[in-house]
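Below is my_file.cif, holding mmCIF, C-alpha atoms and all ligand atoms.
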data_structure
#
loop_
_atom_site.label_atom_id
_atom_site.label_comp_id
_atom_site.auth_asym_id
_atom_site.auth_seq_id
_atom_site.Cartn_x
_atom_site.Cartn_y
_atom_site.Cartn_z
CA MET A 1 81.08 22.33 -109.99
CA SER A 2 82.78 18.93 -109.89
CA LYS A 3 80.89 16.16 -108.23
CA LEU A 4 81.70 12.61 -107.27
CA ASN A 5 78.89 10.15 -106.88
CA ASN A 6 77.37 10.41 -103.43
CA SER A 7 79.06 7.29 -102.05
CA HIS A 8 82.39 9.05 -101.74
CA LYS A 9 83.35 9.79 -98.19
CA ILE A 10 85.73 12.66 -97.50
CA LEU A 11 88.12 10.44 -95.51
CA SER A 12 88.65 6.70 -95.98
CA GLN A 13 90.93 4.14 -94.37
CA LEU A 14 91.99 1.56 -96.96
CA ASP A 15 95.03 0.50 -98.91
CA ALA A 16 95.70 3.38 -101.35
CA VAL A 17 95.24 1.28 -104.50
CA GLU A 18 92.04 -0.33 -103.19
CA TRP A 19 90.68 3.12 -102.35
CA LEU A 20 91.49 4.47 -105.83
CA LYS A 21 89.77 1.43 -107.34
CA SER A 22 86.60 2.48 -105.51
CA LEU A 23 86.54 5.84 -107.34
CA ASP A 24 84.88 6.41 -110.70
CA ASP A 25 86.85 6.95 -113.91
CA ALA A 26 87.66 10.62 -114.57
CA SER A 27 86.16 11.83 -111.29
CA ILE A 28 89.10 13.80 -109.80
CA ASP A 29 90.42 17.20 -110.91
CA LEU A 30 93.85 17.01 -109.24
CA LEU A 31 95.78 14.35 -107.37
CA ILE A 32 98.66 15.28 -105.08
CA THR A 33 100.30 12.63 -102.96
CA ASP A 34 103.29 11.71 -100.87
CA PRO A 35 103.60 7.92 -100.62
CA PRO A 36 105.77 6.29 -97.95
CA TYR A 37 108.34 5.26 -100.56
CA GLU A 38 110.96 2.58 -99.92
CA SER A 39 113.97 4.84 -99.59
CA LEU A 40 112.43 6.54 -96.52
CA GLU A 41 113.13 3.32 -94.66
CA LYS A 42 116.76 3.52 -95.75
CA HIS A 43 117.06 7.11 -94.50
CA ARG A 44 115.52 6.05 -91.22
CA LYS A 45 117.90 3.08 -90.79
CA ILE A 46 120.99 5.20 -91.36
CA GLY A 47 119.71 7.78 -88.95
CA THR A 48 118.91 10.76 -91.15
CA THR A 49 115.26 10.63 -90.15
CA THR A 50 115.59 9.36 -86.59
CA ARG A 51 113.63 12.33 -85.33
CA LEU A 52 110.62 10.80 -87.03
CA LYS A 53 110.66 7.93 -84.55
CA GLU A 54 109.75 10.39 -81.84
CA SER A 55 106.59 11.54 -83.57
CA LYS A 56 103.51 11.58 -81.38
CA SER A 57 101.28 10.70 -84.26
CA SER A 58 101.64 7.03 -85.09
CA SER A 59 101.20 4.14 -82.74
CA ASN A 60 104.15 2.16 -84.11
CA GLN A 61 106.03 5.49 -84.36
CA TRP A 62 106.50 4.94 -88.07
CA PHE A 63 104.27 4.04 -90.95
CA SER A 64 104.41 1.10 -93.31
CA ILE A 65 106.31 1.51 -96.55
CA PHE A 66 104.71 1.43 -100.00
CA PRO A 67 107.20 -0.60 -102.10
CA ASN A 68 108.50 0.72 -105.42
CA ASP A 69 107.18 -2.41 -107.15
CA ARG A 70 103.63 -1.21 -106.41
CA PHE A 71 104.06 2.07 -108.29
CA GLU A 72 102.68 0.63 -111.51
CA GLU A 73 99.33 -0.45 -110.01
CA LEU A 74 99.15 2.86 -108.14
CA PHE A 75 99.81 5.03 -111.19
CA ILE A 76 97.40 3.04 -113.38
CA GLU A 77 94.63 3.91 -110.90
CA VAL A 78 95.75 7.52 -110.50
CA PHE A 79 95.64 7.95 -114.28
CA ARG A 80 92.19 6.33 -114.50
CA VAL A 81 90.53 8.44 -111.76
CA LEU A 82 91.90 11.76 -113.02
CA LYS A 83 89.81 13.78 -115.43
CA LYS A 84 90.77 14.01 -119.10
CA ASN A 85 92.80 17.21 -118.68
CA SER A 86 94.41 17.32 -115.27
CA HIS A 87 97.61 17.33 -113.24
CA PHE A 88 99.29 14.88 -110.86
CA TYR A 89 102.00 15.85 -108.35
CA LEU A 90 104.14 13.26 -106.56
CA PHE A 91 106.30 14.21 -103.58
CA CYS A 92 109.44 12.04 -103.49
CA ASP A 93 113.18 12.01 -102.94
CA SER A 94 115.73 11.92 -105.76
CA GLU A 95 116.22 8.15 -105.53
CA THR A 96 112.49 7.39 -105.85
CA MET A 97 112.17 9.88 -108.71
CA PHE A 98 114.21 7.56 -110.96
CA HIS A 99 111.81 4.67 -110.28
CA ALA A 100 108.58 6.64 -110.42
CA LYS A 101 109.05 8.81 -113.53
CA PRO A 102 109.31 6.05 -116.19
CA ILE A 103 106.44 4.08 -114.68
CA ALA A 104 104.15 7.12 -114.64
CA GLU A 105 105.08 7.85 -118.27
CA GLN A 106 104.40 4.23 -119.21
CA VAL A 107 100.83 4.43 -117.87
CA GLY A 108 100.14 7.55 -119.93
CA PHE A 109 101.29 10.66 -118.05
CA LYS A 110 103.41 13.37 -119.62
CA PHE A 111 106.27 14.28 -117.28
CA TRP A 112 107.01 18.00 -117.17
CA LYS A 113 109.67 18.50 -114.52
CA PRO A 114 110.56 18.08 -110.88
CA ILE A 115 109.47 21.06 -108.82
CA ILE A 116 111.76 21.68 -105.89
CA TRP A 117 110.48 22.19 -102.38
CA ASP A 118 113.34 24.18 -100.80
CA LYS A 119 113.18 23.67 -97.03
CA VAL A 120 115.36 26.79 -96.61
CA LYS A 121 117.60 25.25 -93.91
CA ILE A 122 119.67 22.06 -94.11
CA GLY A 123 118.41 18.89 -92.41
CA MET A 124 120.20 16.10 -90.59
CA GLY A 125 122.62 13.62 -92.15
CA TYR A 126 125.87 13.96 -94.04
CA HIS A 127 127.14 13.74 -97.66
CA TYR A 128 125.55 17.04 -98.71
CA ARG A 129 122.87 17.52 -96.10
CA ALA A 130 119.33 17.49 -97.41
CA ARG A 131 117.60 20.81 -98.00
CA TYR A 132 115.13 19.98 -100.73
CA GLU A 133 112.57 17.47 -101.87
CA ASN A 134 111.22 16.79 -105.35
CA ILE A 135 107.63 17.15 -106.43
CA LEU A 136 107.24 15.43 -109.80
CA PHE A 137 104.84 17.31 -112.05
CA PHE A 138 102.82 15.13 -114.45
CA GLU A 139 99.98 15.91 -116.83
CA LYS A 140 97.11 13.85 -118.21
CA GLY A 141 95.81 15.34 -121.47
CA LYS A 142 96.35 19.11 -121.52
CA ARG A 143 95.60 21.52 -118.70
CA LYS A 144 97.06 25.01 -118.48
CA LEU A 145 98.64 26.13 -115.24
CA ASN A 146 96.69 29.05 -113.77
CA ASN A 147 99.72 31.30 -113.34
CA PHE A 148 102.74 31.22 -115.66
CA SER A 149 104.93 33.33 -113.38
CA ILE A 150 105.32 30.80 -110.55
CA PRO A 151 108.91 29.47 -110.26
CA ASP A 152 109.83 25.79 -110.05
CA ILE A 153 111.39 26.26 -106.61
CA ILE A 154 108.95 26.66 -103.71
CA GLU A 155 110.62 27.98 -100.58
CA CYS A 156 109.01 26.96 -97.32
CA PRO A 157 110.48 25.82 -93.98
CA ARG A 158 109.92 22.20 -92.98
CA ILE A 159 107.44 21.26 -90.23
CA HIS A 160 109.14 20.46 -86.92
CA LYS A 161 107.82 17.74 -84.59
CA GLY A 162 104.79 17.06 -86.74
CA TYR A 163 103.52 13.89 -88.37
CA PRO A 164 106.39 11.85 -89.88
CA THR A 165 107.41 13.60 -93.13
CA GLU A 166 104.58 16.11 -92.80
CA LYS A 167 104.44 18.55 -95.70
CA PRO A 168 103.68 22.25 -95.19
CA VAL A 169 100.17 23.31 -96.20
CA ASP A 170 101.65 26.31 -98.03
CA VAL A 171 103.58 24.08 -100.45
CA SER A 172 100.43 22.22 -101.47
CA LYS A 173 98.56 25.52 -101.78
CA VAL A 174 100.91 26.57 -104.58
CA LEU A 175 100.18 23.33 -106.47
CA ILE A 176 96.41 23.50 -105.90
CA ASN A 177 96.26 27.15 -106.96
CA GLN A 178 98.16 26.30 -110.11
CA SER A 179 96.18 23.24 -111.14
CA THR A 180 92.56 23.68 -110.00
CA ASP A 181 89.76 26.21 -109.77
CA PRO A 182 87.54 26.73 -106.70
CA GLY A 183 85.04 23.91 -106.19
CA GLU A 184 87.13 21.30 -107.96
CA ILE A 185 88.11 18.02 -106.30
CA VAL A 186 91.61 17.35 -104.99
CA ALA A 187 92.47 13.79 -103.88
CA ASP A 188 95.28 12.24 -101.82
CA PRO A 189 95.46 8.43 -101.33
CA PHE A 190 98.16 8.68 -98.57
CA PHE A 191 97.04 11.74 -96.58
CA GLY A 192 99.11 11.36 -93.35
CA SER A 193 98.41 14.54 -91.38
CA CYS A 194 96.07 15.63 -94.19
CA SER A 195 98.12 18.72 -95.06
CA ILE A 196 96.91 18.48 -98.67
CA GLY A 197 93.28 18.31 -97.52
CA VAL A 198 93.75 21.38 -95.33
CA ALA A 199 95.31 23.27 -98.25
CA ALA A 200 92.40 22.27 -100.49
CA PHE A 201 89.71 23.39 -98.04
CA GLU A 202 91.53 26.65 -97.30
CA LEU A 203 91.40 27.42 -101.01
CA ASP A 204 87.68 26.52 -101.32
CA ARG A 205 88.35 23.33 -103.21
CA ASN A 206 86.79 19.98 -102.33
CA PHE A 207 88.91 17.15 -101.02
CA ILE A 208 88.73 13.40 -100.64
CA GLY A 209 91.49 11.36 -99.11
CA ASN A 210 92.66 8.09 -97.70
CA ASP A 211 95.26 6.68 -95.33
CA ILE A 212 95.65 3.20 -93.96
CA ALA A 213 96.76 4.28 -90.44
CA ASP A 214 94.51 4.91 -87.42
CA GLY A 215 96.76 7.75 -86.25
CA ALA A 216 96.51 9.52 -89.59
CA MET A 217 92.73 9.22 -89.60
CA GLU A 218 92.47 10.75 -86.14
CA ILE A 219 94.68 13.71 -87.07
CA ALA A 220 92.85 14.25 -90.37
CA GLN A 221 89.44 14.22 -88.70
CA GLU A 222 90.62 16.77 -86.17
CA ARG A 223 92.26 19.06 -88.74
CA LEU A 224 89.33 18.98 -91.16
CA SER A 225 86.73 19.58 -88.43
CA LYS A 226 87.77 23.23 -88.61
CA TYR A 227 86.51 23.44 -92.17
CA ILE A 228 83.44 21.24 -91.91
CA THR A 229 80.91 21.98 -89.21
CA THR A 230 80.16 18.48 -88.02
CA SER A 231 81.57 16.12 -85.39
CA THR A 232 84.95 14.62 -86.26
CA LYS A 233 83.52 11.12 -86.41
CA GLU A 234 81.00 12.22 -88.99
CA ILE A 235 83.61 13.63 -91.35
CA THR A 236 84.39 10.13 -92.54
CA GLU A 237 80.73 9.64 -93.36
CA LYS A 238 80.15 13.00 -95.03
CA THR A 239 80.50 12.98 -98.77
CA VAL A 240 81.75 15.57 -101.20
CA GLU A 241 78.18 15.75 -102.43
CA ASP A 242 77.02 16.68 -98.91
CA ILE A 243 79.48 19.54 -98.87
CA ASN A 244 78.29 20.83 -102.20
CA LEU A 245 74.62 20.52 -101.34
CA VAL A 246 74.33 21.48 -97.68
CA PRO A 247 74.51 25.27 -97.43
CA GLN A 248 75.80 25.48 -93.85
CA LEU A 249 78.65 23.11 -94.71
CA SER A 250 79.62 25.14 -97.75
CA LEU A 251 79.57 28.28 -95.66
CA ALA A 252 81.85 26.60 -93.16
CA LEU A 253 84.63 26.37 -95.72
CA VAL A 254 87.11 29.05 -94.68
C1 LIG B 301 104.72 10.15 -96.18
S1 LIG B 301 103.25 9.94 -95.28
C2 LIG B 301 102.20 11.24 -95.85
C3 LIG B 301 102.51 12.55 -95.18
C4 LIG B 301 101.56 13.65 -95.60
N1 LIG B 301 101.80 14.11 -96.95
C5 LIG B 301 101.59 14.82 -94.64
O1 LIG B 301 101.81 15.97 -95.06
O2 LIG B 301 101.41 14.59 -93.43
C6 LIG B 301 102.58 8.50 -96.01
C7 LIG B 301 101.31 7.95 -95.40
O3 LIG B 301 100.94 6.79 -96.14
C8 LIG B 301 100.25 5.90 -95.26
N2 LIG B 301 100.29 4.55 -95.86
C9 LIG B 301 101.27 3.60 -95.81
N3 LIG B 301 100.95 2.55 -96.57
C10 LIG B 301 99.73 2.82 -97.11
C11 LIG B 301 98.88 2.13 -98.02
N4 LIG B 301 99.21 0.93 -98.53
N5 LIG B 301 97.71 2.71 -98.36
C12 LIG B 301 97.35 3.92 -97.85
N6 LIG B 301 98.12 4.63 -97.00
C13 LIG B 301 99.30 4.09 -96.65
C14 LIG B 301 100.96 6.04 -93.94
O4 LIG B 301 100.10 5.68 -92.88
C15 LIG B 301 101.36 7.52 -93.95
O5 LIG B 301 100.46 8.28 -93.20
#

As structure tokens - that is how I would like this structure written.
Amino acid sequence: MSKLNNSHKILSQLDAVEWLKSLDDASIDLLITDPPYESLEKHRKIGTTTRLKESKSSSNQWFSIFPNDRFEELFIEVFRVLKKNSHFYLFCDSETMFHAKPIAEQVGFKFWKPIIWDKVKIGMGYHYRARYENILFFEKGKRKLNNFSIPDIIECPRIHKGYPTEKPVDVSKVLINQSTDPGEIVADPFFGSCSIGVAAFELDRNFIGNDIADGAMEIAQERLSKYITTSTKEITEKTVEDINLVPQLSLALV
């Protein structure tokens, strides 16, 4: 079973790159993330994501943007913390894809392809209304996907009135099932509503994550309390090691 050293809390509240720097080399089996990329701000300004302003989940009703010029430092750390043979999935729009792909390749990842999250129904906006999002699929070293018959289009309706840009748990479950085995460690440096953490725990994987926002931390603590039998406050102090070693916590994983 994969283990981090025992200083790793399940949930942390730091800048994503600083948090990754706190992790050991080659300590993570899979990293899936959805950064608040620059072009989200553009969509918001022109009104295609105005509904996000009404979200109940963030105090400033929006989260801060992670600029494209920080992708290099982010991807260097992602590459370092991932194990020798592992996968990395990056949720992003088509504009950000053109920035992110060459930088990730430059730091050492092999790019396989964009996987499409098909939201089934069209969203707001104009000029070909948005129905899909990209999930860039990268590999460090060589790791076989668990199932070769899974298509590169994942159909799943979007989440309504959730956290801003919340991703469905079922989409992340496909990626986790494909790229990890039970007990392995999934990480997300920008967890938001912690949908990736929920997907990991539902599939009996371990999870560690980070988000800079108070609102995200509160939601994540509440959502993960279902899978870890301890008070929500304590979840931030519990470590992956605790989960592996304490029998009642392991049994609590649904
Ligand atoms: C697009 S959202 C993630 C949504 C998430 N995938 C979900 O399903 O709910 C991006 C998150 O990054 C966080 N964030 C913004 N800047 C950050 C930074 N520098 N370090 C860590 N988190 C950051 C925001 O607070 C926000 O929750």

Env of Thr236 (chain A): 7 Å cut, atoms = all atoms listed in the file, seq-sep filter 6 positions within chain, self excluded. Answer as number ranges by chain. A: 9-12

Could you turn the residues from that selection into a file that holds C-alpha atoms, as a PDB file, in the coordinates of the input?
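Wrote it out as out-v5.pdb, contents follow:
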ATOM      1  CA  LYS A   9      83.350   9.790 -98.190  1.00  0.00           C
ATOM      2  CA  ILE A  10      85.730  12.660 -97.500  1.00  0.00           C
ATOM      3  CA  LEU A  11      88.120  10.440 -95.510  1.00  0.00           C
ATOM      4  CA  SER A  12      88.650   6.700 -95.980  1.00  0.00           C
TER       5      SER A  12
END

Selected residue, from A:Ile159, A:Leu224, A:Val240, A:Val107, that lies nearest to ligand LIG 301 (chain B) when counting all atoms listed in the file: A:Ile159

Which residue out of A:Val78, A:Ile176, A:Ile103, A:Leu40 has the minimum interatomic distance to Pro189 (chain A) when only C-alpha atoms are used? A:Val78

Every residue with an atom at most 6 Å from (91.5, 19.1, -100.9) (file coordinates; only C-alpha atoms) is what I'm after, so could you write them as a count of residues only? 8

Within 9 Å of ligand LIG 301 (chain B), which residues show up when you count all atoms listed in the file? List them as a VMD selection string, please. chain A and resid 13 to 19 32 to 37 40 58 62 to 67 91 to 92 162 to 169 188 to 196 210 to 217

Can you tell me, as a ChimeraX atom specification, what residues are no more than 12 Å from Pro151 (chain A) when counting all atoms listed in the file, ignoring any on the same chain fewer than 3 positions away? /A:113-118,145,147-148,154-155,174-175,178

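Going from CA of Cys156 (chain A) to CA of Ile122 (chain A) covers 12.2 Å.
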
Taking only C-alpha atoms into account, which of A:Gly123, A:Glu77, A:Glu72, A:Asn134 comes nearest Ile153 (chain A)?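 Looking only at the distances to Ile153 (chain A), the closest residue turns out to be A:Asn134.
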
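With CA of Arg80 (chain A) on one side and CA of Gln221 (chain A) on the other, the separation reads 27.1 Å.
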
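Candidate residues A:Ser172, A:Ile76, A:Glu202, A:Phe88 were compared for distance to Lys226 (chain A), and the nearest is A:Glu202, using all atoms listed in the file.
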
Residues within 8 Å of Asn68 (chain A), all atoms listed in the file, excluding chain neighbours under 3 positions, as an NGL selection string: :A and (37-38 or 71 or 96 or 99-100)

Print the selection's residues with C-alpha atoms to a file, as a PDB file, keeping the file's coordinate frame.
ATOM      1  CA  TYR A  37     108.340   5.260-100.560  1.00  0.00           C
ATOM      2  CA  GLU A  38     110.960   2.580 -99.920  1.00  0.00           C
ATOM      3  CA  PHE A  71     104.060   2.070-108.290  1.00  0.00           C
ATOM      4  CA  THR A  96     112.490   7.390-105.850  1.00  0.00           C
ATOM      5  CA  HIS A  99     111.810   4.670-110.280  1.00  0.00           C
ATOM      6  CA  ALA A 100     108.580   6.640-110.420  1.00  0.00           C
TER       7      ALA A 100
END

May I ask which of the residues A:Glu95, A:Phe137, A:Ala130, A:Lys83 is the closest one to Lys110 (chain A), counting all atoms listed in the file?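 Counting all atoms listed in the file, the residue closest to Lys110 (chain A) is A:Phe137.
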
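Straight-line separation from CA of Phe138 (chain A) to CA of Ala104 (chain A): 8.1 Å.
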
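You can rank A:Leu30, A:Asn146, A:Phe111, A:Pro157 by their closest distance to Glu133 (chain A) using all atoms listed in the file, and at the top of that list sits A:Pro157.
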